[in-house]
$ cat protein18.cif   # mmCIF, C-alpha atoms and all ligand atoms; chains and numbers go by the auth columns
data_start
loop_
_atom_site.group_PDB
_atom_site.id
_atom_site.type_symbol
_atom_site.label_atom_id
_atom_site.label_comp_id
_atom_site.label_asym_id
_atom_site.label_seq_id
_atom_site.Cartn_x
_atom_site.Cartn_y
_atom_site.Cartn_z
_atom_site.B_iso_or_equiv
_atom_site.auth_seq_id
_atom_site.auth_asym_id
ATOM 1 C CA MET A 1 204.613 -119.916 -151.426 0.00 1 A
ATOM 2 C CA LYS A 2 204.308 -120.529 -147.675 0.00 2 A
ATOM 3 C CA LYS A 3 204.047 -124.127 -146.602 0.00 3 A
ATOM 4 C CA THR A 4 200.870 -125.172 -144.798 0.00 4 A
ATOM 5 C CA LEU A 5 201.775 -125.585 -141.135 0.00 5 A
ATOM 6 C CA ILE A 6 200.305 -128.486 -139.137 0.00 6 A
ATOM 7 C CA VAL A 7 201.158 -128.525 -135.422 0.00 7 A
ATOM 8 C CA GLY A 8 200.125 -131.464 -133.233 0.00 8 A
ATOM 9 C CA ASN A 9 199.725 -130.399 -129.592 0.00 9 A
ATOM 10 C CA TRP A 10 199.970 -133.586 -127.527 0.00 10 A
ATOM 11 C CA LYS A 11 199.340 -131.671 -124.277 0.00 11 A
ATOM 12 C CA MET A 12 200.050 -133.659 -121.077 0.00 12 A
ATOM 13 C CA ASN A 13 199.707 -137.062 -122.727 0.00 13 A
ATOM 14 C CA LEU A 14 201.942 -140.073 -123.531 0.00 14 A
ATOM 15 C CA SER A 15 204.980 -141.455 -121.725 0.00 15 A
ATOM 16 C CA VAL A 16 208.365 -141.272 -123.457 0.00 16 A
ATOM 17 C CA GLY A 17 207.855 -144.829 -124.733 0.00 17 A
ATOM 18 C CA GLN A 18 204.361 -144.071 -126.023 0.00 18 A
ATOM 19 C CA SER A 19 205.662 -140.906 -127.684 0.00 19 A
ATOM 20 C CA SER A 20 208.323 -142.888 -129.564 0.00 20 A
ATOM 21 C CA LEU A 21 205.698 -145.385 -130.655 0.00 21 A
ATOM 22 C CA LEU A 22 203.421 -142.634 -131.985 0.00 22 A
ATOM 23 C CA VAL A 23 206.312 -141.063 -133.892 0.00 23 A
ATOM 24 C CA ALA A 24 207.231 -144.430 -135.401 0.00 24 A
ATOM 25 C CA ARG A 25 203.629 -144.886 -136.577 0.00 25 A
ATOM 26 C CA LEU A 26 203.453 -141.352 -137.971 0.00 26 A
ATOM 27 C CA GLN A 27 206.708 -141.843 -139.888 0.00 27 A
ATOM 28 C CA GLN A 28 205.214 -144.964 -141.492 0.00 28 A
ATOM 29 C CA HIS A 29 201.963 -143.287 -142.449 0.00 29 A
ATOM 30 C CA ILE A 30 203.082 -139.824 -143.481 0.00 30 A
ATOM 31 C CA ALA A 31 205.050 -139.230 -146.671 0.00 31 A
ATOM 32 C CA VAL A 32 207.500 -136.377 -147.242 0.00 32 A
ATOM 33 C CA HIS A 33 205.476 -133.408 -148.541 0.00 33 A
ATOM 34 C CA ARG A 34 207.235 -130.280 -149.751 0.00 34 A
ATOM 35 C CA ASP A 35 204.100 -128.172 -149.330 0.00 35 A
ATOM 36 C CA ILE A 36 203.418 -129.117 -145.690 0.00 36 A
ATOM 37 C CA GLU A 37 205.459 -128.406 -142.575 0.00 37 A
ATOM 38 C CA ILE A 38 204.591 -130.825 -139.774 0.00 38 A
ATOM 39 C CA VAL A 39 205.435 -129.986 -136.181 0.00 39 A
ATOM 40 C CA LEU A 40 204.992 -132.246 -133.157 0.00 40 A
ATOM 41 C CA ALA A 41 204.644 -130.816 -129.648 0.00 41 A
ATOM 42 C CA PRO A 42 205.171 -133.716 -127.189 0.00 42 A
ATOM 43 C CA SER A 43 205.827 -133.436 -123.455 0.00 43 A
ATOM 44 C CA MET A 44 209.037 -131.743 -122.339 0.00 44 A
ATOM 45 C CA LEU A 45 210.393 -135.151 -121.312 0.00 45 A
ATOM 46 C CA ALA A 46 209.934 -136.699 -124.756 0.00 46 A
ATOM 47 C CA LEU A 47 211.556 -133.854 -126.712 0.00 47 A
ATOM 48 C CA GLN A 48 215.157 -134.992 -126.330 0.00 48 A
ATOM 49 C CA PRO A 49 214.613 -138.644 -127.358 0.00 49 A
ATOM 50 C CA LEU A 50 212.291 -137.635 -130.202 0.00 50 A
ATOM 51 C CA ALA A 51 214.907 -135.200 -131.497 0.00 51 A
ATOM 52 C CA GLN A 52 217.048 -138.294 -132.210 0.00 52 A
ATOM 53 C CA GLU A 53 214.191 -140.375 -133.601 0.00 53 A
ATOM 54 C CA ILE A 54 212.286 -138.101 -135.968 0.00 54 A
ATOM 55 C CA ASP A 55 212.817 -138.139 -139.705 0.00 55 A
ATOM 56 C CA ARG A 56 213.813 -134.499 -140.162 0.00 56 A
ATOM 57 C CA ARG A 57 212.511 -134.429 -143.736 0.00 57 A
ATOM 58 C CA LYS A 58 209.040 -134.967 -142.279 0.00 58 A
ATOM 59 C CA PHE A 59 208.892 -133.487 -138.807 0.00 59 A
ATOM 60 C CA ARG A 60 210.024 -130.651 -136.599 0.00 60 A
ATOM 61 C CA LEU A 61 209.570 -130.339 -132.862 0.00 61 A
ATOM 62 C CA ALA A 62 207.883 -127.781 -130.628 0.00 62 A
ATOM 63 C CA ALA A 63 207.876 -127.430 -126.860 0.00 63 A
ATOM 64 C CA GLN A 64 204.499 -126.706 -125.251 0.00 64 A
ATOM 65 C CA ASN A 65 205.948 -124.140 -122.873 0.00 65 A
ATOM 66 C CA ALA A 66 209.185 -122.598 -121.566 0.00 66 A
ATOM 67 C CA TYR A 67 210.299 -120.042 -118.977 0.00 67 A
ATOM 68 C CA PRO A 68 211.333 -116.531 -120.076 0.00 68 A
ATOM 69 C CA LYS A 69 214.598 -116.259 -118.087 0.00 69 A
ATOM 70 C CA ASP A 70 217.594 -118.056 -119.603 0.00 70 A
ATOM 71 C CA GLU A 71 218.808 -119.597 -116.315 0.00 71 A
ATOM 72 C CA GLY A 72 218.637 -119.130 -112.562 0.00 72 A
ATOM 73 C CA THR A 73 216.699 -119.872 -109.409 0.00 73 A
ATOM 74 C CA TYR A 74 213.438 -121.013 -111.014 0.00 74 A
ATOM 75 C CA THR A 75 212.950 -124.493 -109.625 0.00 75 A
ATOM 76 C CA GLY A 76 211.148 -126.815 -111.977 0.00 76 A
ATOM 77 C CA GLU A 77 211.317 -124.621 -115.054 0.00 77 A
ATOM 78 C CA VAL A 78 212.967 -125.158 -118.451 0.00 78 A
ATOM 79 C CA SER A 79 214.223 -122.107 -120.367 0.00 79 A
ATOM 80 C CA PHE A 80 214.012 -121.220 -124.040 0.00 80 A
ATOM 81 C CA ALA A 81 217.822 -121.146 -123.982 0.00 81 A
ATOM 82 C CA MET A 82 217.872 -124.824 -122.959 0.00 82 A
ATOM 83 C CA LEU A 83 215.524 -125.754 -125.792 0.00 83 A
ATOM 84 C CA GLN A 84 217.467 -123.932 -128.504 0.00 84 A
ATOM 85 C CA ASP A 85 219.170 -126.999 -129.999 0.00 85 A
ATOM 86 C CA ILE A 86 216.152 -129.259 -129.725 0.00 86 A
ATOM 87 C CA VAL A 87 213.082 -127.420 -131.040 0.00 87 A
ATOM 88 C CA HIS A 88 212.138 -125.095 -133.894 0.00 88 A
ATOM 89 C CA TYR A 89 209.030 -123.807 -132.145 0.00 89 A
ATOM 90 C CA VAL A 90 207.506 -123.198 -128.714 0.00 90 A
ATOM 91 C CA LEU A 91 203.773 -122.826 -128.037 0.00 91 A
ATOM 92 C CA ILE A 92 203.191 -119.663 -126.038 0.00 92 A
ATOM 93 C CA GLY A 93 200.008 -118.505 -124.322 0.00 93 A
ATOM 94 C CA HIS A 94 197.894 -121.603 -124.859 0.00 94 A
ATOM 95 C CA SER A 95 194.491 -121.027 -123.239 0.00 95 A
ATOM 96 C CA GLU A 96 195.093 -123.923 -120.838 0.00 96 A
ATOM 97 C CA ARG A 97 198.178 -122.131 -119.534 0.00 97 A
ATOM 98 C CA ARG A 98 196.371 -118.805 -119.325 0.00 98 A
ATOM 99 C CA ARG A 99 193.529 -120.468 -117.406 0.00 99 A
ATOM 100 C CA GLU A 100 195.208 -123.165 -115.257 0.00 100 A
ATOM 101 C CA PHE A 101 198.452 -121.313 -114.522 0.00 101 A
ATOM 102 C CA ASN A 102 197.161 -117.741 -114.522 0.00 102 A
ATOM 103 C CA GLU A 103 199.599 -116.648 -117.220 0.00 103 A
ATOM 104 C CA SER A 104 199.176 -112.906 -117.658 0.00 104 A
ATOM 105 C CA LEU A 105 199.404 -110.891 -120.865 0.00 105 A
ATOM 106 C CA GLU A 106 202.736 -109.478 -119.658 0.00 106 A
ATOM 107 C CA PHE A 107 204.216 -112.876 -118.776 0.00 107 A
ATOM 108 C CA ILE A 108 203.305 -114.082 -122.257 0.00 108 A
ATOM 109 C CA ARG A 109 204.917 -110.946 -123.727 0.00 109 A
ATOM 110 C CA ASP A 110 208.151 -111.808 -121.860 0.00 110 A
ATOM 111 C CA LYS A 111 208.037 -115.367 -123.155 0.00 111 A
ATOM 112 C CA MET A 112 207.602 -114.145 -126.726 0.00 112 A
ATOM 113 C CA ALA A 113 210.699 -111.963 -126.440 0.00 113 A
ATOM 114 C CA ALA A 114 212.783 -114.704 -124.768 0.00 114 A
ATOM 115 C CA CYS A 115 211.701 -117.179 -127.429 0.00 115 A
ATOM 116 C CA VAL A 116 212.647 -114.947 -130.351 0.00 116 A
ATOM 117 C CA HIS A 117 215.917 -113.863 -128.734 0.00 117 A
ATOM 118 C CA ASN A 118 216.889 -117.509 -128.372 0.00 118 A
ATOM 119 C CA GLY A 119 216.330 -118.128 -132.072 0.00 119 A
ATOM 120 C CA ILE A 120 213.139 -120.172 -131.636 0.00 120 A
ATOM 121 C CA THR A 121 209.908 -119.387 -133.517 0.00 121 A
ATOM 122 C CA PRO A 122 206.988 -118.725 -131.173 0.00 122 A
ATOM 123 C CA ILE A 123 203.517 -120.060 -131.897 0.00 123 A
ATOM 124 C CA LEU A 124 201.409 -117.534 -130.010 0.00 124 A
ATOM 125 C CA CYS A 125 197.993 -118.944 -129.103 0.00 125 A
ATOM 126 C CA VAL A 126 195.167 -116.421 -128.759 0.00 126 A
ATOM 127 C CA GLY A 127 191.419 -116.762 -128.459 0.00 127 A
ATOM 128 C CA GLU A 128 188.349 -115.689 -126.533 0.00 128 A
ATOM 129 C CA THR A 129 186.523 -117.713 -123.863 0.00 129 A
ATOM 130 C CA ALA A 130 182.829 -118.645 -124.137 0.00 130 A
ATOM 131 C CA THR A 131 181.878 -115.786 -121.808 0.00 131 A
ATOM 132 C CA GLU A 132 183.865 -113.265 -123.823 0.00 132 A
ATOM 133 C CA TYR A 133 182.419 -114.630 -127.051 0.00 133 A
ATOM 134 C CA LYS A 134 178.834 -114.324 -125.773 0.00 134 A
ATOM 135 C CA ALA A 135 179.522 -110.801 -124.539 0.00 135 A
ATOM 136 C CA GLY A 136 180.721 -109.789 -128.032 0.00 136 A
ATOM 137 C CA GLU A 137 184.245 -109.124 -126.769 0.00 137 A
ATOM 138 C CA THR A 138 186.163 -111.301 -129.228 0.00 138 A
ATOM 139 C CA LYS A 139 187.849 -108.444 -131.101 0.00 139 A
ATOM 140 C CA GLN A 140 188.857 -106.641 -127.929 0.00 140 A
ATOM 141 C CA VAL A 141 190.283 -109.816 -126.378 0.00 141 A
ATOM 142 C CA LEU A 142 192.262 -110.658 -129.520 0.00 142 A
ATOM 143 C CA HIS A 143 193.513 -107.096 -129.710 0.00 143 A
ATOM 144 C CA ASP A 144 194.765 -107.137 -126.100 0.00 144 A
ATOM 145 C CA GLN A 145 196.361 -110.579 -126.434 0.00 145 A
ATOM 146 C CA VAL A 146 198.102 -109.832 -129.727 0.00 146 A
ATOM 147 C CA VAL A 147 199.230 -106.281 -129.000 0.00 147 A
ATOM 148 C CA THR A 148 200.672 -107.094 -125.573 0.00 148 A
ATOM 149 C CA ALA A 149 202.350 -110.334 -126.674 0.00 149 A
ATOM 150 C CA LEU A 150 204.176 -108.650 -129.558 0.00 150 A
ATOM 151 C CA SER A 151 205.004 -105.387 -127.802 0.00 151 A
ATOM 152 C CA ASN A 152 208.676 -106.184 -127.139 0.00 152 A
ATOM 153 C CA LEU A 153 209.370 -107.419 -130.664 0.00 153 A
ATOM 154 C CA THR A 154 210.558 -105.483 -133.707 0.00 154 A
ATOM 155 C CA ALA A 155 208.715 -105.567 -137.049 0.00 155 A
ATOM 156 C CA GLU A 156 211.476 -107.792 -138.385 0.00 156 A
ATOM 157 C CA GLU A 157 211.028 -110.250 -135.516 0.00 157 A
ATOM 158 C CA VAL A 158 207.257 -110.312 -135.984 0.00 158 A
ATOM 159 C CA THR A 159 207.762 -111.291 -139.637 0.00 159 A
ATOM 160 C CA ASP A 160 208.670 -114.863 -138.691 0.00 160 A
ATOM 161 C CA ILE A 161 206.247 -115.685 -135.890 0.00 161 A
ATOM 162 C CA VAL A 162 203.138 -117.860 -135.958 0.00 162 A
ATOM 163 C CA ILE A 163 199.828 -116.876 -134.373 0.00 163 A
ATOM 164 C CA ALA A 164 197.260 -119.599 -133.693 0.00 164 A
ATOM 165 C CA TYR A 165 193.665 -118.480 -133.341 0.00 165 A
ATOM 166 C CA GLU A 166 192.087 -120.893 -130.876 0.00 166 A
ATOM 167 C CA PRO A 167 188.572 -119.945 -129.714 0.00 167 A
ATOM 168 C CA VAL A 168 188.544 -121.430 -126.209 0.00 168 A
ATOM 169 C CA TRP A 169 184.863 -122.388 -126.461 0.00 169 A
ATOM 170 C CA ALA A 170 185.613 -124.641 -129.444 0.00 170 A
ATOM 171 C CA ILE A 171 188.609 -126.499 -127.938 0.00 171 A
ATOM 172 C CA GLY A 172 188.020 -130.185 -127.234 0.00 172 A
ATOM 173 C CA VAL A 173 184.329 -130.171 -128.148 0.00 173 A
ATOM 174 C CA GLY A 174 184.525 -131.853 -131.572 0.00 174 A
ATOM 175 C CA ASP A 175 182.954 -128.894 -133.342 0.00 175 A
ATOM 176 C CA PRO A 176 185.199 -126.143 -134.718 0.00 176 A
ATOM 177 C CA ALA A 177 184.167 -122.495 -134.992 0.00 177 A
ATOM 178 C CA LYS A 178 182.240 -121.584 -138.150 0.00 178 A
ATOM 179 C CA PRO A 179 184.234 -120.391 -141.188 0.00 179 A
ATOM 180 C CA ALA A 180 182.801 -116.871 -140.928 0.00 180 A
ATOM 181 C CA GLN A 181 183.890 -116.628 -137.279 0.00 181 A
ATOM 182 C CA ILE A 182 187.367 -117.933 -138.052 0.00 182 A
ATOM 183 C CA GLU A 183 187.725 -115.556 -140.983 0.00 183 A
ATOM 184 C CA ALA A 184 186.587 -112.545 -138.936 0.00 184 A
ATOM 185 C CA ALA A 185 188.987 -113.354 -136.095 0.00 185 A
ATOM 186 C CA THR A 186 192.038 -114.141 -138.220 0.00 186 A
ATOM 187 C CA THR A 187 191.486 -111.089 -140.432 0.00 187 A
ATOM 188 C CA HIS A 188 191.229 -108.967 -137.307 0.00 188 A
ATOM 189 C CA ILE A 189 194.521 -110.398 -135.989 0.00 189 A
ATOM 190 C CA ARG A 190 196.304 -109.649 -139.263 0.00 190 A
ATOM 191 C CA HIS A 191 194.931 -106.100 -139.234 0.00 191 A
ATOM 192 C CA GLN A 192 196.274 -105.546 -135.740 0.00 192 A
ATOM 193 C CA VAL A 193 199.704 -106.688 -136.833 0.00 193 A
ATOM 194 C CA LYS A 194 199.540 -104.495 -139.933 0.00 194 A
ATOM 195 C CA ASP A 195 198.596 -101.412 -137.898 0.00 195 A
ATOM 196 C CA LEU A 196 201.499 -101.931 -135.518 0.00 196 A
ATOM 197 C CA TYR A 197 204.270 -103.474 -137.630 0.00 197 A
ATOM 198 C CA GLY A 198 203.354 -102.722 -141.241 0.00 198 A
ATOM 199 C CA ARG A 199 202.159 -104.632 -144.244 0.00 199 A
ATOM 200 C CA ALA A 200 205.296 -106.736 -144.798 0.00 200 A
ATOM 201 C CA ALA A 201 205.190 -108.212 -141.281 0.00 201 A
ATOM 202 C CA ALA A 202 201.426 -108.784 -141.463 0.00 202 A
ATOM 203 C CA GLU A 203 201.670 -110.629 -144.751 0.00 203 A
ATOM 204 C CA SER A 204 204.696 -112.637 -143.815 0.00 204 A
ATOM 205 C CA LEU A 205 203.720 -113.999 -140.384 0.00 205 A
ATOM 206 C CA ARG A 206 201.650 -117.162 -140.420 0.00 206 A
ATOM 207 C CA ILE A 207 198.177 -117.416 -138.902 0.00 207 A
ATOM 208 C CA ILE A 208 196.781 -120.864 -138.181 0.00 208 A
ATOM 209 C CA TYR A 209 193.578 -122.210 -136.580 0.00 209 A
ATOM 210 C CA GLY A 210 193.177 -124.620 -133.667 0.00 210 A
ATOM 211 C CA ALA A 211 190.163 -126.044 -131.749 0.00 211 A
ATOM 212 C CA SER A 212 188.459 -129.333 -132.628 0.00 212 A
ATOM 213 C CA VAL A 213 190.438 -129.874 -135.844 0.00 213 A
ATOM 214 C CA GLU A 214 189.632 -133.311 -137.338 0.00 214 A
ATOM 215 C CA PRO A 215 190.469 -134.719 -140.815 0.00 215 A
ATOM 216 C CA ASP A 216 186.949 -133.996 -142.127 0.00 216 A
ATOM 217 C CA PHE A 217 187.205 -130.291 -141.295 0.00 217 A
ATOM 218 C CA VAL A 218 190.606 -129.657 -142.890 0.00 218 A
ATOM 219 C CA HIS A 219 189.418 -128.696 -146.360 0.00 219 A
ATOM 220 C CA GLY A 220 186.794 -126.298 -145.018 0.00 220 A
ATOM 221 C CA ILE A 221 189.136 -124.571 -142.597 0.00 221 A
ATOM 222 C CA LEU A 222 192.077 -124.242 -144.993 0.00 222 A
ATOM 223 C CA SER A 223 189.699 -122.765 -147.593 0.00 223 A
ATOM 224 C CA ILE A 224 189.239 -119.735 -145.321 0.00 224 A
ATOM 225 C CA LYS A 225 191.228 -116.816 -146.676 0.00 225 A
ATOM 226 C CA GLY A 226 194.287 -116.086 -144.549 0.00 226 A
ATOM 227 C CA VAL A 227 194.322 -119.399 -142.629 0.00 227 A
ATOM 228 C CA GLU A 228 197.701 -121.008 -143.290 0.00 228 A
ATOM 229 C CA GLY A 229 197.680 -124.047 -141.066 0.00 229 A
ATOM 230 C CA LEU A 230 196.107 -126.036 -138.252 0.00 230 A
ATOM 231 C CA LEU A 231 196.784 -126.841 -134.611 0.00 231 A
ATOM 232 C CA PRO A 232 194.995 -130.076 -133.671 0.00 232 A
ATOM 233 C CA GLY A 233 195.089 -131.252 -130.045 0.00 233 A
ATOM 234 C CA SER A 234 193.306 -134.538 -129.330 0.00 234 A
ATOM 235 C CA ALA A 235 193.314 -135.614 -133.000 0.00 235 A
ATOM 236 C CA SER A 236 197.123 -135.399 -133.001 0.00 236 A
ATOM 237 C CA LEU A 237 197.331 -138.274 -130.483 0.00 237 A
ATOM 238 C CA ASN A 238 195.751 -140.672 -132.962 0.00 238 A
ATOM 239 C CA TYR A 239 198.047 -141.565 -135.876 0.00 239 A
ATOM 240 C CA HIS A 240 195.113 -142.297 -138.215 0.00 240 A
ATOM 241 C CA LYS A 241 193.573 -138.911 -137.540 0.00 241 A
ATOM 242 C CA PHE A 242 196.811 -136.938 -137.576 0.00 242 A
ATOM 243 C CA SER A 243 198.028 -138.508 -140.800 0.00 243 A
ATOM 244 C CA GLY A 244 194.506 -137.934 -142.188 0.00 244 A
ATOM 245 C CA ILE A 245 194.826 -134.243 -141.323 0.00 245 A
ATOM 246 C CA VAL A 246 198.225 -134.049 -143.038 0.00 246 A
ATOM 247 C CA GLU A 247 196.993 -135.879 -146.146 0.00 247 A
ATOM 248 C CA ALA A 248 193.878 -133.672 -146.372 0.00 248 A
ATOM 249 C CA ALA A 249 196.056 -130.558 -146.044 0.00 249 A
ATOM 250 C CA HIS A 250 198.376 -131.868 -148.767 0.00 250 A
ATOM 251 C CA ARG A 251 195.425 -132.575 -151.096 0.00 251 A
ATOM 252 C CA PHE A 252 194.057 -129.095 -150.456 0.00 252 A
ATOM 253 C CA THR A 253 197.407 -127.367 -151.048 0.00 253 A
ATOM 254 C CA LYS A 254 198.072 -129.359 -154.235 0.00 254 A
ATOM 255 C CA GLN A 255 194.652 -128.596 -155.627 0.00 255 A
ATOM 256 C CA LYS A 256 195.087 -124.870 -154.893 0.00 256 A
ATOM 257 C CA SER A 257 198.485 -124.518 -156.592 0.00 257 A
HETATM 258 P P1 LIG B . 191.594 -129.852 -129.643 0.00 1 B
HETATM 259 O O1 LIG B . 192.727 -128.946 -128.947 0.00 1 B
HETATM 260 O O2 LIG B . 192.045 -130.098 -131.064 0.00 1 B
HETATM 261 O O3 LIG B . 191.569 -131.122 -128.833 0.00 1 B
HETATM 262 O O4 LIG B . 190.326 -129.082 -129.612 0.00 1 B
HETATM 263 C C1 LIG B . 193.330 -127.867 -129.616 0.00 1 B
HETATM 264 C C2 LIG B . 194.269 -127.130 -128.700 0.00 1 B
HETATM 265 O O5 LIG B . 193.936 -126.960 -127.510 0.00 1 B
HETATM 266 O O6 LIG B . 195.354 -126.720 -129.114 0.00 1 B
#

$ encode --input "protein18.cif" --output "C-alpha cells"
Amino acid sequence: MKKTLIVGNWKMNLSVGQSSLLVARLQQHIAVHRDIEIVLAPSMLALQPLAQEIDRRKFRLAAQNAYPKDEGTYTGEVSFAMLQDIVHYVLIGHSERRREFNESLEFIRDKMAACVHNGITPILCVGETATEYKAGETKQVLHDQVVTALSNLTAEEVTDIVIAYEPVWAIGVGDPAKPAQIEAATTHIRHQVKDLYGRAAAESLRIIYGASVEPDFVHGILSIKGVEGLLPGSASLNYHKFSGIVEAAHRFTKQKS
C-alpha cells in the first residue's frame, strides 16, 4: 500500500522565525500517521533550520527549486547536490517557475535528471494554463511536459518519482478542478508514462493533485481513481487548514483500507 502524500508548498512566504513557529504548531496538531507521508516545502533559507527542528516521524522536507549543475559559476543558485543531505524531495517545474522565470521544457528535463542523480525524489509539477484549457489543448500540453521532463530518466528511475497535476487556472482561486477533469488528466499522465516506461513504472510512480486544495475538498479529490496525494499551496500556510487536510486524508485512507 502506498502512503497518501501531502506536500505543503509554502512558496515565497514566511521568515525563518515564522517557519519555525508554523512547524511547531503543526507538530502539536498533527499526530504520527503510518498511512500518510507529510512533506513541507519552505523557503530555501528555512530548510536547514527546519531540518533540525522537524519531528522526522511526522515530516519530511522538500525544496521548491534547485539548479541542475552540481557546482560552478552560477551566482545565486543552489544545486541539488547541496540539498542532498537536507531534503527528500524537490519541486520541479511549478507553473510559477515556468511562467515567471521562463523555465523551458528542456531546463526542467535537466533538473529532473540532476535531482534523481543526486538521490532526491523529484515532484514534477505539470498542468495547462487557462488559455490552453479553453483551446482544448490539455492532453497535448501534459504530454509535452511529461515526455520531455522524463526523457533523460530510465524506467527504473521513473518508478520512484512523483508527478503533481496542477491545472494552472485552478491555482489560488479557491475552487479546484472538477473530479472528472482531474481524473481525465491524471489518467492521461499515467498512460503516457506506461507507453514510454512500461506498466511497472506507471503503476509505481505517484500522481498527486494540486490547485486550491482545502480541507473540505480532500475526500472528494482523494476519491478520484489514481490520485494518491495532494499539493496544497496557500492552505499549507495555515496550521488549522493544513492539519485539517492531513486529518481528512487520514480519515479517507483509513476508511478505504
Ligand atoms: P494553491 O496553490 O493551493 O494556493 O492553489 C497550489 C500550488 O501552486 O502548488

$ closest_atom_pairs --input "protein18.cif" --of "chain A" --to "ligand LIG 1 (chain B)" --cutoff "7 Å" --atoms "all atoms listed in the file" --output "CSV"
residue,atom,partner,partner_atom,distance
A:Asn9,CA,B:LIG1,O6,5.7
A:Glu166,CA,B:LIG1,O6,6.9
A:Ala170,CA,B:LIG1,O4,6.5
A:Ile171,CA,B:LIG1,O4,3.5
A:Gly172,CA,B:LIG1,O4,3.5
A:Val173,CA,B:LIG1,O4,6.3
A:Gly174,CA,B:LIG1,O4,6.7
A:Gly210,CA,B:LIG1,C1,5.2
A:Ala211,CA,B:LIG1,O4,3.7
A:Ser212,CA,B:LIG1,O4,3.6
A:Val213,CA,B:LIG1,O2,5.0
A:Leu231,CA,B:LIG1,O6,5.7
A:Pro232,CA,B:LIG1,O2,3.9
A:Gly233,CA,B:LIG1,O2,3.4
A:Ser234,CA,B:LIG1,O3,3.9
A:Ala235,CA,B:LIG1,O2,6.0

$ closest_residue --input "protein18.cif" --among "A:Glu77, A:Asp175, A:Glu128, A:Asp195" --to "Ile221 of chain A" --atoms "all atoms listed in the file"
A:Asp175

$ closest_atom_pairs --input "protein18.cif" --of "segment 204-257 of chain A" --to "segment 151-160 of chain A" --cutoff "9 Å" --atoms "only C-alpha atoms" --output "Markdown table"
| residue | atom | partner | partner_atom | distance |
| --- | --- | --- | --- | --- |
| A:Ser204 | CA | A:Thr159 | CA | 5.4 |
| A:Leu205 | CA | A:Thr159 | CA | 4.9 |
| A:Arg206 | CA | A:Asp160 | CA | 7.6 |

$ residues_near_point --input "protein18.cif" --point "(186.7, -120.8, -141.6)" --cutoff "10 Å" --atoms "only C-alpha atoms" --output "ChimeraX atom specification"
/A:176-186,209,217-227

$ resolve_selection --input "protein18.cif" --expression "the PyMOL selection byres (((chain A and resi 41) around 7) and not hetatm)" --output "PyMOL selection string"
chain A and resi 8-10+39-40+42-43+61-64

$ residues_around --input "protein18.cif" --residues "segment 25-36 of chain A" --least-positions-apart "2" --cutoff "9 Å" --atoms "all atoms listed in the file" --output "PyMOL selection string"
chain A and resi 1-6+20-23+38+54-55+57-59+229+239-240+242-244+246-247+249-250+253-254

$ atom_distance --input "protein18.cif" --atom1 "atom CA of Thr138 of chain A" --atom2 "atom CA of Met12 of chain A"
27.6 Å

$ residues_around --input "protein18.cif" --residues "Asp85 of chain A" --least-positions-apart "6" --cutoff "12 Å" --atoms "all atoms listed in the file" --output "list in words"
Leu47, Gln48, Ala51, Gln52, Arg60, Leu61, Ala62, Ala63, Ser79, Asn118, Gly119 and Ile120 of chain A

$ atom_distance --input "protein18.cif" --atom1 "atom CA of Gly127 of chain A" --atom2 "atom CA of Glu100 of chain A"
15.2 Å

$ closest_residue --input "protein18.cif" --among "A:Tyr89, A:Tyr133, A:Tyr67, A:Phe252" --to "Trp169 of chain A" --atoms "only C-alpha atoms"
A:Tyr133

$ resolve_selection --input "protein18.cif" --expression "the PyMOL selection byres (((chain A and resi 78) around 10) and not hetatm)" --output "PyMOL selection string"
chain A and resi 44+65-71+74-77+79-83
